[in-house]
Structures are given as structure tokens and as C-alpha cells.
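Novice: The structure follows.
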Amino acid sequence: MAYLTCRDLALGYDGRELISGIDFEVDPGDYLVVVGENGSGKSTLMKTILGLLPPVRGAIARGDGLLKNEIGYLPQQTTIQKDFPASVREIVLSGTQNRGGFRPFYSREDKKTADENIEKMGISHLAKRCYRELSGGQQQRVLLARALCATRKLLLLDEPVAGLDPMVTAEMYALIESLNRDDGVTIIMISHDIAAAIKYADHILHIGERVFFGTKAEYLASENYMRIAKAGDIE
Amino acid sequence: MNVASFFSGAYEKLAFYLGFPFVRYALIAGVLIALCSSLLGVTLVLKRFSFIGDGLSHVAFGAMAIAAVLKMTNNMPLILAVTILCAVLLLRTGQRAKIKGDAAVAMISVGALAIGYLLMNVFPTSGNVSGDVCTTLFGSTSILTLKLSDVIVCGVLSVVVVTVFVVFYNRIFSVTFDEDFARATGTRASLYNLLIAVTVAVVIVLAMNLVGSLLISALVIFPALSAMRVYKSFRAVTVCSAVVSVSCALVGILVSIFAGTPVGSTIVAVDIAVFGAFWLVGLLKKG
């Protein structure tokens, strides 16, 4: 049984269809990268998986014991966060909020979880620092630690390396890879970096005019990939 | 006159004034209102809703005019109901489209102000319409005319607001910082937005007594902005904002009693001065 199963899914806003015919599934331990041109509906798919948007048609079924609030999420930066006064620890702690029942305050266990994830992301020395004063790569690590507090099962990453310099980008990819390989965290990553997708993913979902879903090997032999390779988009 | 005798003189004068119940009521109500408004200020400023306070206070002014025309003796329930309704509507549109939300605030705000003033002129309840309007807009004397029952209502509502804020503090933080993440991981964000809207409405109706409808935004945003110049964690900003707000209200009320200046604008002037000081400290800290 897969974590997520989508059959003949159509996505869009306010009942208007943006993209249709999406079929894919995500099994525990998978590393799926969703690629596609700008405006092809990657972010819409993301929001639909997270339950922030209803699908226009079809449904996303959860399985294998994955609960609705067990999908961790690494969003793109919002303008509000640029001048938000919050310490790293406050932000990471907020990820623990929905671990069973309503509790007004954080328990000792919540704090332990937060500190463990801060350490795992290698940002213990920044725990008391103000989020808005950190570099882009450090901020992404904070948000990853927060997502890991919410769940260890499935992480959805929205363009996690956008705006990072090449070195930090490579570190970020390595960090995500180790989460997937060593900790068994299932990864769904939205990206327009097809080269990185081929390097790290085991499954690829390419959305656009023709929707492709399959393993990396299948993708490399697919028409979707051929067309891009011919256009010289991949170094 | 040397310093010691100045202070003992001031102390005697203060003790003399504190002998009057209305001064004590004003101080108690002022502190409570300042505390409540500053707690929500941080969230409103960060969510880019600074002007909602302004808009809602004009709505409360309109509702007060309607209550006066209807010759209601107890106008509080009507004002509260109308303001809460508008708060809910405004925060809802604000979530969907930022620009439309902005226009909605402006529309409701000036609309309510105009209708309120029109009603007060067409159906005058006293001989001095402009005096009444001025009092409602700038709260020139109303804080000094509070009755014991007003102070009790104010106390009860403040306890409710502070309790809601403390119990939901962590949820309010996550909904403010990242609504999508909160929603995706199972926080009922729309419920908390509604809660914030209702609490803001209650605070505004309370604050109308202290500073009048036109100056409420100042009470909501200045302490939060001051705290954000200097402090860098959400908790420190919240605590500092509360302390700043309460101190400014106390100082403002006392100064206005000593100097005979209007209460509302004096408090806001103190808030502005403190903001200036915090801004400087923030600059120096950055180096």
C-alpha cells in the first residue's frame, strides 16, 4: 500500500482546470521529484497534496498509516517571514504543535524533539539567533528542522534550493539525500532543476502538456526527457 | 525649587488625585486596555493588518452613533456585535486577496465614519453635536467619566482577551509565521484567524473609551513596532510590547491629569516618543 495514490487527478483553482490526467503513487522510502516548466501546475499539485486546495476532479488517497497531518512541508519563503521576529528554536518548536491533541504549551518531549532536529540539521549554534538574520541556506535548515518535528514519514519540499548559491545548494541536496537514505524519510520535491532530479530521485513526475510518471530509468528513456535533452536544457 | 521638593510636591499631588475614584478607574481601565491591545498588536503588524484596527474603530464609531440615535442606554452589546461582525468579514477577505482586502478595509472604515457622523447630525441627541463627535473620535474625556460598572466590564473582557491569548499563544505564533505550514500539518488556521478577528474587535471596542476611535491603531501598533526594533524573538517582542504599552498608558494618563491635556492623544504622544527611543536603540545595537 502506498503513502499517496493519485488516479486521474485534475488540478486547478475555483473549479477551473489547470492540468489533468495526473497518475502517480508514492511508496514509503521513495524520493520523488516533480519537474515541469513554470506555470505547469507544480505548486498547485503541492497545495492539493497538502490539502490546502481541493482537487477539481479525482482524489489523492492516503494509505499505509499516513495520517492527514503527517505530511511535513518546506514552503518557499514568504514576504511576512523576511522581517518576522522569531528565534530559530521558536520556529522549530512550532512544528511539534499537532502531535496528538490540543495542548496549549509545549511539553518536555516536544522540546526534546525540537532540539534533536535542530542538532540533526547542524544548526545548534544558531538556536537562539533571530531567523531573519540568517542566510538563505541556514533558514532552509530551520524550516527543514520544523518540518521534521511535524513528521518523520513524508516531507514535501517546494523548490528547496531556490536562491541558494551553488555550494549551499549542494549541501542542501546532500542533507535531503541523507534524510531519505539514512532516516527513511519519504521525499517529494518540487524542482525545476532536472539535472539534480536525475541525480538524486528514484521516481520522477513530469507535469506539463504530457504527464509522465515513472522510475528514473524509465524517465531517461521517455519522450519528455528526450525533448528536453534535445533542447539542451541539461548540462 | 529643588529636586526633592519637586518630587514630594508631585507625590502629594498624585496622592490627592488618586483620592478620586474616577482617577483610579481611569488608571485601572487604561492599564488593562493597553495590555490587551499590545498583545494583539504584534500579530496584526506581522500579518500586515495594521489598518484593520483603524477600520474597525470607525465601524465601532458608526455603531455607537446608531446606538445613540436609538437612545439605547447600554450601547456596549450593539457596538460589540457590529464590530465583531465586520472584523470577521474583513479578515476573511484579507486572506483571499491582499489588495481587495485593503480596499475593503478602507471602504468599511470611511463608510462607517461618514454614516456615523451623518446620523449624529440628523438625529442630534444633545445640543452639542460637534462636542459629542470630538469626544467619540478622540476620547477626550470619556476615560475620566467611567463608572464602576464600566471598569468591571472592562476587567472581565480583558481577562477573557489575555486568557485567549495565553492559551492560544503557540497557535497564534504558527498561524502568523506560516499559515500554509500550520494548515498543512493540521492546525485549523481559519478557526484561529476567526479567533484573532473576534479578539481584535473586543479590544477595539474597549479601547474606544481610552483613546477614542481615531487613535486606537496607535495603541495597537506603536508598542509592537517599538518592541520589534530591539527584540528578536517572538516571545521577547510580545512581552516587551506589553510592558511598553502599559507603561506608556500609565505615564500618559498621569501626564494628562497633571497637565490637563486630552488623555488619548497624550498616551499616543508618549507611545511615539518611546518608539523613537527604541528605534535609536535598535540602530545602535546594529552598530
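Here, A, B, ... name the chains of the C-alpha cells in the order displayed, residue numbers run from 1 inside each chain, and ligands are numbered from 1 in the same displayed order.
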Considering only C-alpha atoms, extract the chain A residues located within 8 Å of chain B and return them as a VMD selection string.

Specialist: chain A and resid 50 to 52 68 to 75 80 to 81 84 to 87 90 to 91 94 97 to 98 104 to 105 129 to 130 150

Novice: Write the residues of the preceding selection, restricted to N, CA and C atoms, as an mmCIF file, in the first residue's frame.

Specialist:
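Contents of the output file part_6.cif:
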data_model
loop_
_atom_site.group_PDB
_atom_site.id
_atom_site.type_symbol
_atom_site.label_atom_id
_atom_site.label_comp_id
_atom_site.auth_asym_id
_atom_site.auth_seq_id
_atom_site.Cartn_x
_atom_site.Cartn_y
_atom_site.Cartn_z
ATOM 1 N N LEU A 50 -1.180 18.785 0.004
ATOM 2 C CA LEU A 50 -1.198 19.219 1.396
ATOM 3 C C LEU A 50 -2.615 19.450 1.923
ATOM 4 N N GLY A 51 -3.589 19.411 1.017
ATOM 5 C CA GLY A 51 -4.958 19.635 1.461
ATOM 6 C C GLY A 51 -5.310 21.106 1.590
ATOM 7 N N LEU A 52 -4.481 21.986 0.997
ATOM 8 C CA LEU A 52 -4.787 23.417 1.058
ATOM 9 C C LEU A 52 -5.755 23.807 -0.061
ATOM 10 N N LYS A 68 -3.491 12.543 7.976
ATOM 11 C CA LYS A 68 -3.596 13.803 7.254
ATOM 12 C C LYS A 68 -2.512 14.800 7.676
ATOM 13 N N ASN A 69 -2.214 14.831 8.984
ATOM 14 C CA ASN A 69 -1.243 15.833 9.417
ATOM 15 C C ASN A 69 0.171 15.272 9.534
ATOM 16 N N GLU A 70 0.430 14.179 8.820
ATOM 17 C CA GLU A 70 1.783 13.612 8.859
ATOM 18 C C GLU A 70 2.576 13.924 7.596
ATOM 19 N N ILE A 71 2.196 14.963 6.911
ATOM 20 C CA ILE A 71 2.964 15.397 5.752
ATOM 21 C C ILE A 71 3.695 16.674 6.150
ATOM 22 N N GLY A 72 5.020 16.576 6.275
ATOM 23 C CA GLY A 72 5.805 17.764 6.614
ATOM 24 C C GLY A 72 5.998 18.610 5.373
ATOM 25 N N TYR A 73 6.223 19.886 5.543
ATOM 26 C CA TYR A 73 6.174 20.789 4.403
ATOM 27 C C TYR A 73 7.280 21.823 4.534
ATOM 28 N N LEU A 74 8.062 21.963 3.482
ATOM 29 C CA LEU A 74 9.075 23.019 3.443
ATOM 30 C C LEU A 74 8.633 24.034 2.397
ATOM 31 N N PRO A 75 8.010 25.127 2.846
ATOM 32 C CA PRO A 75 7.455 26.077 1.882
ATOM 33 C C PRO A 75 8.523 26.999 1.334
ATOM 34 N N ILE A 80 6.191 37.829 4.600
ATOM 35 C CA ILE A 80 5.974 38.053 6.033
ATOM 36 C C ILE A 80 7.191 37.617 6.828
ATOM 37 N N GLN A 81 7.813 36.493 6.399
ATOM 38 C CA GLN A 81 8.917 35.943 7.187
ATOM 39 C C GLN A 81 10.188 36.787 7.115
ATOM 40 N N PHE A 84 10.165 38.913 10.258
ATOM 41 C CA PHE A 84 9.464 38.328 11.399
ATOM 42 C C PHE A 84 10.420 38.120 12.568
ATOM 43 N N PRO A 85 10.106 38.715 13.734
ATOM 44 C CA PRO A 85 10.999 38.495 14.867
ATOM 45 C C PRO A 85 10.700 37.144 15.520
ATOM 46 N N ALA A 86 11.526 36.155 15.263
ATOM 47 C CA ALA A 86 11.326 34.857 15.904
ATOM 48 C C ALA A 86 12.672 34.180 16.004
ATOM 49 N N SER A 87 12.907 33.479 17.118
ATOM 50 C CA SER A 87 14.163 32.767 17.248
ATOM 51 C C SER A 87 14.037 31.423 16.535
ATOM 52 N N GLU A 90 12.051 28.883 18.497
ATOM 53 C CA GLU A 90 10.601 29.112 18.480
ATOM 54 C C GLU A 90 9.978 28.532 17.218
ATOM 55 N N ILE A 91 10.660 28.732 16.091
ATOM 56 C CA ILE A 91 10.108 28.266 14.824
ATOM 57 C C ILE A 91 10.113 26.743 14.760
ATOM 58 N N SER A 94 7.466 25.151 16.841
ATOM 59 C CA SER A 94 6.091 25.261 16.340
ATOM 60 C C SER A 94 5.729 24.071 15.454
ATOM 61 N N GLN A 97 3.487 21.178 17.123
ATOM 62 C CA GLN A 97 2.174 21.509 17.678
ATOM 63 C C GLN A 97 1.064 20.481 17.499
ATOM 64 N N ASN A 98 1.104 19.745 16.394
ATOM 65 C CA ASN A 98 -0.056 18.887 16.157
ATOM 66 C C ASN A 98 0.218 17.419 16.406
ATOM 67 N N PRO A 104 -2.043 23.565 25.147
ATOM 68 C CA PRO A 104 -1.691 24.969 24.955
ATOM 69 C C PRO A 104 -0.187 25.221 24.965
ATOM 70 N N PHE A 105 0.567 24.437 25.733
ATOM 71 C CA PHE A 105 2.003 24.716 25.832
ATOM 72 C C PHE A 105 2.817 23.506 25.377
ATOM 73 N N ARG A 129 19.426 32.410 17.756
ATOM 74 C CA ARG A 129 19.525 33.538 16.829
ATOM 75 C C ARG A 129 18.170 33.891 16.233
ATOM 76 N N CYS A 130 18.097 35.090 15.678
ATOM 77 C CA CYS A 130 16.875 35.551 15.053
ATOM 78 C C CYS A 130 16.819 35.026 13.617
ATOM 79 N N ALA A 150 7.235 17.907 12.681
ATOM 80 C CA ALA A 150 5.841 17.573 12.401
ATOM 81 C C ALA A 150 5.704 16.106 12.003
#

Novice: Which polymer residues have any atom within 12 Å of an atom of Cys154 (chain B), counting only C-alpha atoms, with same-chain residues fewer than 5 positions away left out, as a ChimeraX atom specification?

Specialist: /B:25-36,76,143,146-149,159-161,202-210

Novice: List every residue of region 41-167 of chain A that DSSP, applied to the backbone, labels as alpha helix (DSSP H), and write the result as a PyMOL selection string.

Specialist: chain A and resi 42-50+79-82+88-94+108-120+136-150+166-167

Novice: So that I have them on file, write out the residues from the current selection with C-alpha atoms, as a PDB file, in the first residue's frame.

Specialist:
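So the final result, stored in selection.pdb, reads:
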ATOM      1  CA  LYS A  42       3.733  22.193  -9.756  1.00  0.00           C
ATOM      2  CA  SER A  43       2.755  24.458  -6.875  1.00  0.00           C
ATOM      3  CA  THR A  44      -0.923  23.691  -7.414  1.00  0.00           C
ATOM      4  CA  LEU A  45      -0.126  19.970  -7.114  1.00  0.00           C
ATOM      5  CA  MET A  46       1.790  20.676  -3.939  1.00  0.00           C
ATOM      6  CA  LYS A  47      -1.081  22.594  -2.374  1.00  0.00           C
ATOM      7  CA  THR A  48      -3.525  19.878  -3.365  1.00  0.00           C
ATOM      8  CA  ILE A  49      -1.388  17.149  -1.787  1.00  0.00           C
ATOM      9  CA  LEU A  50      -1.198  19.219   1.396  1.00  0.00           C
ATOM     10  CA  THR A  79       7.368  38.147   2.488  1.00  0.00           C
ATOM     11  CA  ILE A  80       5.974  38.053   6.033  1.00  0.00           C
ATOM     12  CA  GLN A  81       8.917  35.943   7.187  1.00  0.00           C
ATOM     13  CA  LYS A  82      11.524  38.421   5.956  1.00  0.00           C
ATOM     14  CA  VAL A  88      15.221  29.569  15.490  1.00  0.00           C
ATOM     15  CA  ARG A  89      14.042  27.480  18.424  1.00  0.00           C
ATOM     16  CA  GLU A  90      10.601  29.112  18.480  1.00  0.00           C
ATOM     17  CA  ILE A  91      10.108  28.266  14.824  1.00  0.00           C
ATOM     18  CA  VAL A  92      11.323  24.675  15.100  1.00  0.00           C
ATOM     19  CA  LEU A  93       9.185  24.107  18.213  1.00  0.00           C
ATOM     20  CA  SER A  94       6.091  25.261  16.340  1.00  0.00           C
ATOM     21  CA  ARG A 108       9.242  18.446  27.644  1.00  0.00           C
ATOM     22  CA  GLU A 109       9.024  15.828  24.904  1.00  0.00           C
ATOM     23  CA  ASP A 110       8.197  18.494  22.297  1.00  0.00           C
ATOM     24  CA  LYS A 111      11.253  20.483  23.334  1.00  0.00           C
ATOM     25  CA  LYS A 112      13.412  17.380  23.131  1.00  0.00           C
ATOM     26  CA  THR A 113      12.131  16.626  19.630  1.00  0.00           C
ATOM     27  CA  ALA A 114      12.845  20.204  18.575  1.00  0.00           C
ATOM     28  CA  ASP A 115      16.380  20.167  19.988  1.00  0.00           C
ATOM     29  CA  GLU A 116      17.113  16.815  18.320  1.00  0.00           C
ATOM     30  CA  ASN A 117      16.036  18.110  14.937  1.00  0.00           C
ATOM     31  CA  ILE A 118      17.955  21.345  15.396  1.00  0.00           C
ATOM     32  CA  GLU A 119      21.040  19.252  16.056  1.00  0.00           C
ATOM     33  CA  LYS A 120      20.313  16.946  13.132  1.00  0.00           C
ATOM     34  CA  GLY A 136      19.185  31.588   2.933  1.00  0.00           C
ATOM     35  CA  GLY A 137      20.734  28.153   3.460  1.00  0.00           C
ATOM     36  CA  GLN A 138      20.508  28.430   7.249  1.00  0.00           C
ATOM     37  CA  GLN A 139      16.867  29.494   7.008  1.00  0.00           C
ATOM     38  CA  GLN A 140      16.087  26.429   4.897  1.00  0.00           C
ATOM     39  CA  ARG A 141      17.691  24.211   7.537  1.00  0.00           C
ATOM     40  CA  VAL A 142      15.496  25.824  10.207  1.00  0.00           C
ATOM     41  CA  LEU A 143      12.368  25.152   8.178  1.00  0.00           C
ATOM     42  CA  LEU A 144      13.524  21.573   7.486  1.00  0.00           C
ATOM     43  CA  ALA A 145      14.009  21.007  11.225  1.00  0.00           C
ATOM     44  CA  ARG A 146      10.484  22.345  11.784  1.00  0.00           C
ATOM     45  CA  ALA A 147       9.055  20.006   9.135  1.00  0.00           C
ATOM     46  CA  LEU A 148      10.860  17.051  10.752  1.00  0.00           C
ATOM     47  CA  CYS A 149       9.210  17.945  14.070  1.00  0.00           C
ATOM     48  CA  ALA A 150       5.841  17.573  12.401  1.00  0.00           C
ATOM     49  CA  PRO A 166      25.940  26.503  -5.752  1.00  0.00           C
ATOM     50  CA  MET A 167      27.861  25.360  -2.709  1.00  0.00           C
TER      51      MET A 167
END

Novice: Would you kindly return, as a PDB file with C-alpha atoms, in the first residue's frame, each protein, DNA or RNA residue with an atom no farther than 10 Å from any atom of Ser50 (chain B), considering only C-alpha atoms and excluding same-chain residues fewer than 3 positions away?

Specialist:
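Listing of out.pdb after writing:
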ATOM      1  CA  GLY B  41      -0.600  44.310  18.014  1.00  0.00           C
ATOM      2  CA  VAL B  42       2.371  42.058  17.310  1.00  0.00           C
ATOM      3  CA  THR B  43       0.253  39.620  15.304  1.00  0.00           C
ATOM      4  CA  LEU B  44      -1.619  42.355  13.444  1.00  0.00           C
ATOM      5  CA  VAL B  45       1.563  44.178  12.442  1.00  0.00           C
ATOM      6  CA  LEU B  46       3.229  40.958  11.276  1.00  0.00           C
ATOM      7  CA  LYS B  47       0.177  39.790   9.349  1.00  0.00           C
ATOM      8  CA  GLY B  53      -7.643  48.341  13.876  1.00  0.00           C
ATOM      9  CA  ASP B  54      -8.285  51.702  12.310  1.00  0.00           C
ATOM     10  CA  GLY B  55     -11.077  50.406  10.091  1.00  0.00           C
ATOM     11  CA  SER B 217      -4.470  51.994  15.792  1.00  0.00           C
ATOM     12  CA  ALA B 218      -1.707  53.883  17.556  1.00  0.00           C
ATOM     13  CA  VAL B 220      -2.280  48.660  18.789  1.00  0.00           C
ATOM     14  CA  ILE B 221       0.748  49.181  16.562  1.00  0.00           C
TER      15      ILE B 221
END

Novice: When you draw a straight line from CA of Leu113 (chain B) to CA of Val59 (chain B), how long is it in Å?

Specialist: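 These atoms are spaced 6.9 Å apart.
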